[in-house]
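Undergrad: Pasting a structure here, questions to come.
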Amino acid sequence: MKITLNGEIKELDRPTTIISLLDLLHLDPNRVAVERNLEVARRGTFAEVYLNDGDQVEIVHFIGGGEDSGTDPLVIAGRTFHSRLLVGTGKYKDFHETQQAILASGAEIVTVAVRRVNVSDPHSPMLTDFIDPKKFTYLPNTAGCFTAEDAVRTLRLAREAGGWDMVKLEVLSDPKYLWPNNPETLKAAELLIRDGFKVMVYTTDDPYLCKVFEEMGCVAVMPLAAPTGSGLGVRNPYTIRIIIEQAKVPVLVDAGVGTASDAAIAMELGCDGVLMNTAIAGARDPIRMARAMRRAVQAGRDAFLAGRIPKKLYATASSPLEGTFFSHS
């Protein structure tokens, strides 16, 4: 018999109760919570509930250090998230790798593109078979749209398909550079906001324009760090800082991150989060890179909240010089 335990397949020799599974895993039932097929199992029923072939089981506990404890959540459009890393779902070799990378990243929000169903093979695998929309927040985006009309049409279809009203809007200017087309983005944002969408908008790192999007009613602004997929990192930290200083909505760096230090730099600047896809999916080991990005975003946020020391031209001794055995003439 096989079950999915915390995202991984586990084989069991015989039908097992929850309490027997916890005993097999050497876990104290009083210190964990168990979810079976998306329903929380009451601790008093652990000895009575049998697991069936194909069941999905999640076992969780409280931890300290490293993870967001809930005291510093990311809030977008009134919704609370504990991870500040948002990830895309494209460019992986298959859906299994997509699933494993997203689990390793700890992300709660995943961007998804809207594509036609394969009508010639309606039983072909779909993203929802691997990334459960009941466990993750799907963020439909308009990747590949070059006009406001196409972007609005795409997101209206997405809302009809899954009921999602929080969306990522991007309208591109050309297929080579994938630079944001801001006039079309402004037009699409106005239509979508009027239509009841909660728009997270991808744009250039222009402080004035980001403020315009915020004042229109966008729930988050997402300035690029560098061109999409370039891996160049944060090219203009100064304008990003200005965008953050004047914003009253979350600011998330989107596009251009290449490695973990890029994500940490964005967070140290004060960004509320980072969105990436190619940096993880295009790595030699996407799963390991996803873990690295998760830690980098956490470290960058902690460093920002801690407050770095000022930069100075001259050295400052780490230890006081008073009372030392040597003297200076």
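Naming works like this for the structure tokens: A, B, ... for the chains as they're shown, residue 1 at the start of each chain, ligands 1 onward in shown order.
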Could you find all residues in range 154-215 of chain A that DSSP calls strand (DSSP E or B) from the backbone, and write them as JSON, numbers by chain?

TA: {"A": [166, 167, 168, 169, 172, 180, 198, 199, 200, 201, 202, 203]}

Undergrad: Keeping only C-alpha atoms, take the residues you just selected and write them out as a PDB file, in the first residue's frame.

TA:
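Written output follows (part18.pdb):
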```pdb
ATOM      1  CA  MET A 166      -5.750  37.946  -7.294  1.00  0.00           C
ATOM      2  CA  VAL A 167      -3.627  38.019 -10.447  1.00  0.00           C
ATOM      3  CA  LYS A 168      -0.240  39.038 -11.784  1.00  0.00           C
ATOM      4  CA  LEU A 169      -0.479  41.435 -14.695  1.00  0.00           C
ATOM      5  CA  LEU A 172       5.303  42.828 -22.747  1.00  0.00           C
ATOM      6  CA  PRO A 180       7.256  45.724 -19.903  1.00  0.00           C
ATOM      7  CA  LYS A 198      -6.814  42.337  -7.240  1.00  0.00           C
ATOM      8  CA  VAL A 199      -3.907  43.240  -9.494  1.00  0.00           C
ATOM      9  CA  MET A 200      -0.245  42.627  -8.701  1.00  0.00           C
ATOM     10  CA  VAL A 201       1.512  44.499 -11.478  1.00  0.00           C
ATOM     11  CA  TYR A 202       4.864  43.791 -13.142  1.00  0.00           C
ATOM     12  CA  THR A 203       6.605  46.901 -14.407  1.00  0.00           C
TER      13      THR A 203
END
```

Undergrad: Which residue, A:Arg79, A:Arg194, A:Lys93, A:Arg156, has the smallest gap to Thr137 in chain A when you use only C-alpha atoms?

TA: A:Arg79

Undergrad: Would you mind writing down, as a PyMOL selection string, each residue of range 72-292 of chain A that DSSP on the backbone assigns to alpha helix (DSSP H)?

TA: chain A and resi 95-105+148-162+182-194+207-216+237-246+260-268+278-281+286-292

Undergrad: Any chance you can output those residues with C-alpha atoms as an mmCIF file, in the first residue's frame?

TA:
```cif
data_model
loop_
_atom_site.group_PDB
_atom_site.id
_atom_site.type_symbol
_atom_site.label_atom_id
_atom_site.label_comp_id
_atom_site.auth_asym_id
_atom_site.auth_seq_id
_atom_site.Cartn_x
_atom_site.Cartn_y
_atom_site.Cartn_z
ATOM 1 C CA PHE A 95 5.598 18.220 -13.403
ATOM 2 C CA HIS A 96 7.305 16.030 -10.808
ATOM 3 C CA GLU A 97 10.361 18.298 -10.762
ATOM 4 C CA THR A 98 8.035 21.317 -10.581
ATOM 5 C CA GLN A 99 6.357 19.815 -7.523
ATOM 6 C CA GLN A 100 9.596 18.963 -5.750
ATOM 7 C CA ALA A 101 11.137 22.389 -6.387
ATOM 8 C CA ILE A 102 8.078 24.232 -5.119
ATOM 9 C CA LEU A 103 7.949 22.102 -1.970
ATOM 10 C CA ALA A 104 11.655 22.759 -1.381
ATOM 11 C CA SER A 105 11.176 26.510 -1.871
ATOM 12 C CA ALA A 148 -3.975 45.010 -22.830
ATOM 13 C CA GLU A 149 -6.837 43.238 -24.602
ATOM 14 C CA ASP A 150 -5.063 39.869 -24.542
ATOM 15 C CA ALA A 151 -4.069 40.291 -20.893
ATOM 16 C CA VAL A 152 -7.606 41.128 -19.761
ATOM 17 C CA ARG A 153 -9.076 38.271 -21.789
ATOM 18 C CA THR A 154 -6.558 35.826 -20.318
ATOM 19 C CA LEU A 155 -7.285 36.791 -16.719
ATOM 20 C CA ARG A 156 -11.035 36.722 -17.197
ATOM 21 C CA LEU A 157 -10.666 33.142 -18.448
ATOM 22 C CA ALA A 158 -8.462 32.305 -15.455
ATOM 23 C CA ARG A 159 -11.064 33.630 -13.034
ATOM 24 C CA GLU A 160 -13.755 31.615 -14.745
ATOM 25 C CA ALA A 161 -11.619 28.467 -14.639
ATOM 26 C CA GLY A 162 -10.493 28.626 -11.027
ATOM 27 C CA ASN A 182 3.801 50.213 -19.591
ATOM 28 C CA PRO A 183 1.125 52.061 -21.610
ATOM 29 C CA GLU A 184 -0.661 48.766 -22.311
ATOM 30 C CA THR A 185 -0.106 47.628 -18.716
ATOM 31 C CA LEU A 186 -1.765 50.805 -17.412
ATOM 32 C CA LYS A 187 -4.719 50.262 -19.726
ATOM 33 C CA ALA A 188 -5.104 46.613 -18.659
ATOM 34 C CA ALA A 189 -4.740 47.440 -14.952
ATOM 35 C CA GLU A 190 -7.538 50.009 -15.152
ATOM 36 C CA LEU A 191 -9.900 47.521 -16.825
ATOM 37 C CA LEU A 192 -9.069 44.676 -14.451
ATOM 38 C CA ILE A 193 -9.418 46.773 -11.282
ATOM 39 C CA ARG A 194 -12.783 48.030 -12.534
ATOM 40 C CA PRO A 207 9.374 55.046 -8.876
ATOM 41 C CA TYR A 208 6.868 57.422 -10.464
ATOM 42 C CA LEU A 209 5.147 54.694 -12.458
ATOM 43 C CA CYS A 210 5.010 52.332 -9.476
ATOM 44 C CA LYS A 211 3.249 55.077 -7.498
ATOM 45 C CA VAL A 212 0.767 55.555 -10.346
ATOM 46 C CA PHE A 213 -0.058 51.834 -10.312
ATOM 47 C CA GLU A 214 -0.524 51.923 -6.537
ATOM 48 C CA GLU A 215 -2.819 54.955 -6.690
ATOM 49 C CA MET A 216 -4.884 53.243 -9.402
ATOM 50 C CA PRO A 237 19.126 49.199 -6.036
ATOM 51 C CA TYR A 238 18.672 52.963 -5.695
ATOM 52 C CA THR A 239 15.389 53.182 -7.574
ATOM 53 C CA ILE A 240 14.158 50.022 -5.839
ATOM 54 C CA ARG A 241 14.822 51.747 -2.503
ATOM 55 C CA ILE A 242 12.825 54.797 -3.606
ATOM 56 C CA ILE A 243 9.936 52.595 -4.744
ATOM 57 C CA ILE A 244 9.912 50.871 -1.349
ATOM 58 C CA GLU A 245 10.134 54.122 0.624
ATOM 59 C CA GLN A 246 7.115 55.672 -1.052
ATOM 60 C CA ALA A 260 20.624 33.234 -3.813
ATOM 61 C CA SER A 261 22.688 36.368 -3.135
ATOM 62 C CA ASP A 262 20.486 38.322 -5.593
ATOM 63 C CA ALA A 263 17.388 37.333 -3.617
ATOM 64 C CA ALA A 264 19.073 38.283 -0.330
ATOM 65 C CA ILE A 265 20.076 41.699 -1.720
ATOM 66 C CA ALA A 266 16.507 42.412 -2.826
ATOM 67 C CA MET A 267 15.211 41.539 0.635
ATOM 68 C CA GLU A 268 17.956 43.547 2.399
ATOM 69 C CA THR A 278 14.180 30.758 -14.280
ATOM 70 C CA ALA A 279 16.679 31.145 -11.420
ATOM 71 C CA ILE A 280 15.339 27.926 -9.905
ATOM 72 C CA ALA A 281 14.058 25.984 -12.918
ATOM 73 C CA PRO A 286 16.565 23.048 -9.277
ATOM 74 C CA ILE A 287 15.609 21.392 -5.976
ATOM 75 C CA ARG A 288 18.815 22.473 -4.243
ATOM 76 C CA MET A 289 18.522 25.974 -5.713
ATOM 77 C CA ALA A 290 14.934 26.216 -4.470
ATOM 78 C CA ARG A 291 16.166 25.466 -0.940
ATOM 79 C CA ALA A 292 18.924 28.059 -1.323
#
```

Undergrad: CA of Thr142 in chain A to CA of Glu170 in chain A: how many Å, to one decimal?

TA: 5.6 Å

Undergrad: Skip Ala255 in chain A itself and residues of its chain fewer than 2 positions away, then list as an MDAnalysis selection string all residues within 6 Å of it, counting only C-alpha atoms.

TA: chainID A and resid 224:225 228 257

Undergrad: For the selection you just gave me, I'd like the residues written to a file as a PDB file, in the first residue's frame, keeping C-alpha atoms.

TA:
```
ATOM      1  CA  LEU A 224      11.969  44.153 -12.354  1.00  0.00           C
ATOM      2  CA  ALA A 225      15.464  43.657 -10.959  1.00  0.00           C
ATOM      3  CA  THR A 228      13.361  38.483 -17.439  1.00  0.00           C
ATOM      4  CA  VAL A 257      17.253  37.154 -10.065  1.00  0.00           C
TER       5      VAL A 257
END
```

Undergrad: For Gly144 in chain A, which of A:Phe197, A:Tyr314, A:Phe46, A:Trp179 is the closest residue, counting only C-alpha atoms?

TA: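 Once distances to Gly144 in chain A are computed over only C-alpha atoms, the minimum belongs to A:Trp179.
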
Undergrad: Could you give me, as a PyMOL selection string, the residues within 9 Å of Val57 in chain A, counting only C-alpha atoms and dropping anything in the same chain fewer than 3 positions from it?

TA: chain A and resi 3-7+34-38+51

Undergrad: Just to be explicit: take each residue in the selection above, keep N, CA, C and O atoms, and write the result as a PDB file, in the first residue's frame.

TA:
```
ATOM      1  N   ILE A   3       1.099   5.567   0.310  1.00  0.00           N
ATOM      2  CA  ILE A   3       0.488   6.841   0.667  1.00  0.00           C
ATOM      3  C   ILE A   3       1.470   7.951   0.275  1.00  0.00           C
ATOM      4  O   ILE A   3       2.655   7.678   0.045  1.00  0.00           O
ATOM      5  N   THR A   4       0.970   9.186   0.174  1.00  0.00           N
ATOM      6  CA  THR A   4       1.845  10.335  -0.029  1.00  0.00           C
ATOM      7  C   THR A   4       2.014  11.009   1.316  1.00  0.00           C
ATOM      8  O   THR A   4       1.050  11.528   1.889  1.00  0.00           O
ATOM      9  N   LEU A   5       3.224  10.976   1.838  1.00  0.00           N
ATOM     10  CA  LEU A   5       3.510  11.506   3.171  1.00  0.00           C
ATOM     11  C   LEU A   5       4.381  12.752   3.039  1.00  0.00           C
ATOM     12  O   LEU A   5       5.523  12.672   2.575  1.00  0.00           O
ATOM     13  N   ASN A   6       3.834  13.898   3.417  1.00  0.00           N
ATOM     14  CA  ASN A   6       4.559  15.176   3.316  1.00  0.00           C
ATOM     15  C   ASN A   6       5.187  15.369   1.936  1.00  0.00           C
ATOM     16  O   ASN A   6       6.338  15.774   1.796  1.00  0.00           O
ATOM     17  N   GLY A   7       4.398  15.025   0.908  1.00  0.00           N
ATOM     18  CA  GLY A   7       4.825  15.259  -0.467  1.00  0.00           C
ATOM     19  C   GLY A   7       5.646  14.155  -1.095  1.00  0.00           C
ATOM     20  O   GLY A   7       5.997  14.247  -2.264  1.00  0.00           O
ATOM     21  N   VAL A  34      -1.820  16.118  12.348  1.00  0.00           N
ATOM     22  CA  VAL A  34      -1.890  15.259  11.161  1.00  0.00           C
ATOM     23  C   VAL A  34      -3.091  15.665  10.310  1.00  0.00           C
ATOM     24  O   VAL A  34      -4.204  15.862  10.826  1.00  0.00           O
ATOM     25  N   GLU A  35      -2.844  15.784   9.018  1.00  0.00           N
ATOM     26  CA  GLU A  35      -3.911  16.051   8.061  1.00  0.00           C
ATOM     27  C   GLU A  35      -4.002  14.860   7.120  1.00  0.00           C
ATOM     28  O   GLU A  35      -2.997  14.391   6.589  1.00  0.00           O
ATOM     29  N   ARG A  36      -5.210  14.336   6.920  1.00  0.00           N
ATOM     30  CA  ARG A  36      -5.423  13.213   5.999  1.00  0.00           C
ATOM     31  C   ARG A  36      -6.412  13.646   4.933  1.00  0.00           C
ATOM     32  O   ARG A  36      -7.542  14.015   5.238  1.00  0.00           O
ATOM     33  N   ASN A  37      -5.937  13.635   3.682  1.00  0.00           N
ATOM     34  CA  ASN A  37      -6.784  14.020   2.546  1.00  0.00           C
ATOM     35  C   ASN A  37      -7.437  15.392   2.780  1.00  0.00           C
ATOM     36  O   ASN A  37      -8.650  15.559   2.626  1.00  0.00           O
ATOM     37  N   LEU A  38      -6.598  16.344   3.212  1.00  0.00           N
ATOM     38  CA  LEU A  38      -6.986  17.741   3.407  1.00  0.00           C
ATOM     39  C   LEU A  38      -7.897  17.970   4.612  1.00  0.00           C
ATOM     40  O   LEU A  38      -8.408  19.073   4.799  1.00  0.00           O
ATOM     41  N   LEU A  51      -5.405   4.384   7.475  1.00  0.00           N
ATOM     42  CA  LEU A  51      -4.982   4.997   6.219  1.00  0.00           C
ATOM     43  C   LEU A  51      -5.268   4.035   5.078  1.00  0.00           C
ATOM     44  O   LEU A  51      -5.070   2.816   5.218  1.00  0.00           O
TER      45      LEU A  51
END
```

Undergrad: Report, in Å to a single decimal, how far apart CA of Asp55 in chain A and CA of Ile9 in chain A are.

TA: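 Here the two named atoms are 10.1 Å from each other.
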
Undergrad: So how far away is CA of Met293 in chain A from CA of Ala226 in chain A, in Å?

TA: 17.2 Å

Undergrad: List the neighbours of Ala47 in chain A out to 7 Å using only C-alpha atoms; skip same-chain residues closer than 2 positions along the sequence, and give me the result as number ranges by chain.

TA: A: 17-19, 45, 49

Undergrad: Keeping only all heavy atoms, write the selected residues to a file as a compact mmCIF listing (two decimals), in the first residue's frame.

TA:
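Final output, part07.txt:
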```txt
# COMPACT_ATOMS: atom_id res chain seq x y z
N THR A 17 -2.98 2.45 11.10
CA THR A 17 -3.66 3.60 11.70
C THR A 17 -2.69 4.78 11.78
O THR A 17 -1.47 4.61 11.64
CB THR A 17 -4.16 3.27 13.11
OG1 THR A 17 -3.04 2.95 13.92
CG2 THR A 17 -5.15 2.11 13.09
N ILE A 18 -3.24 5.94 12.03
CA ILE A 18 -2.38 7.12 12.17
C ILE A 18 -1.41 6.93 13.33
O ILE A 18 -0.22 7.24 13.22
CB ILE A 18 -3.24 8.39 12.37
CG1 ILE A 18 -4.01 8.71 11.10
CG2 ILE A 18 -2.36 9.58 12.76
CD1 ILE A 18 -4.95 9.91 11.21
N ILE A 19 -1.90 6.40 14.43
CA ILE A 19 -1.03 6.24 15.61
C ILE A 19 0.10 5.26 15.31
O ILE A 19 1.24 5.45 15.74
CB ILE A 19 -1.84 5.79 16.85
CG1 ILE A 19 -1.02 5.98 18.13
CG2 ILE A 19 -2.31 4.36 16.73
CD1 ILE A 19 -0.86 7.39 18.54
N THR A 45 -8.57 10.55 17.77
CA THR A 45 -8.99 9.48 16.84
C THR A 45 -7.81 8.80 16.16
O THR A 45 -8.02 7.95 15.29
CB THR A 45 -9.92 10.06 15.76
OG1 THR A 45 -9.17 10.98 14.94
CG2 THR A 45 -11.11 10.78 16.38
N VAL A 49 -8.37 5.80 13.17
CA VAL A 49 -8.41 6.15 11.75
C VAL A 49 -7.38 5.33 10.98
O VAL A 49 -6.17 5.44 11.23
CB VAL A 49 -8.14 7.66 11.54
CG1 VAL A 49 -8.12 7.99 10.05
CG2 VAL A 49 -9.21 8.48 12.25
```

Undergrad: Go through A:Asp13, A:Asp195, A:Leu178, A:Phe146 one by one, measure the shortest atom-to-atom distance of each to Asp165 in chain A using only C-alpha atoms, and give the residue with the smallest value.

TA: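 Of the candidates, the smallest distance to Asp165 in chain A is held by A:Asp195.
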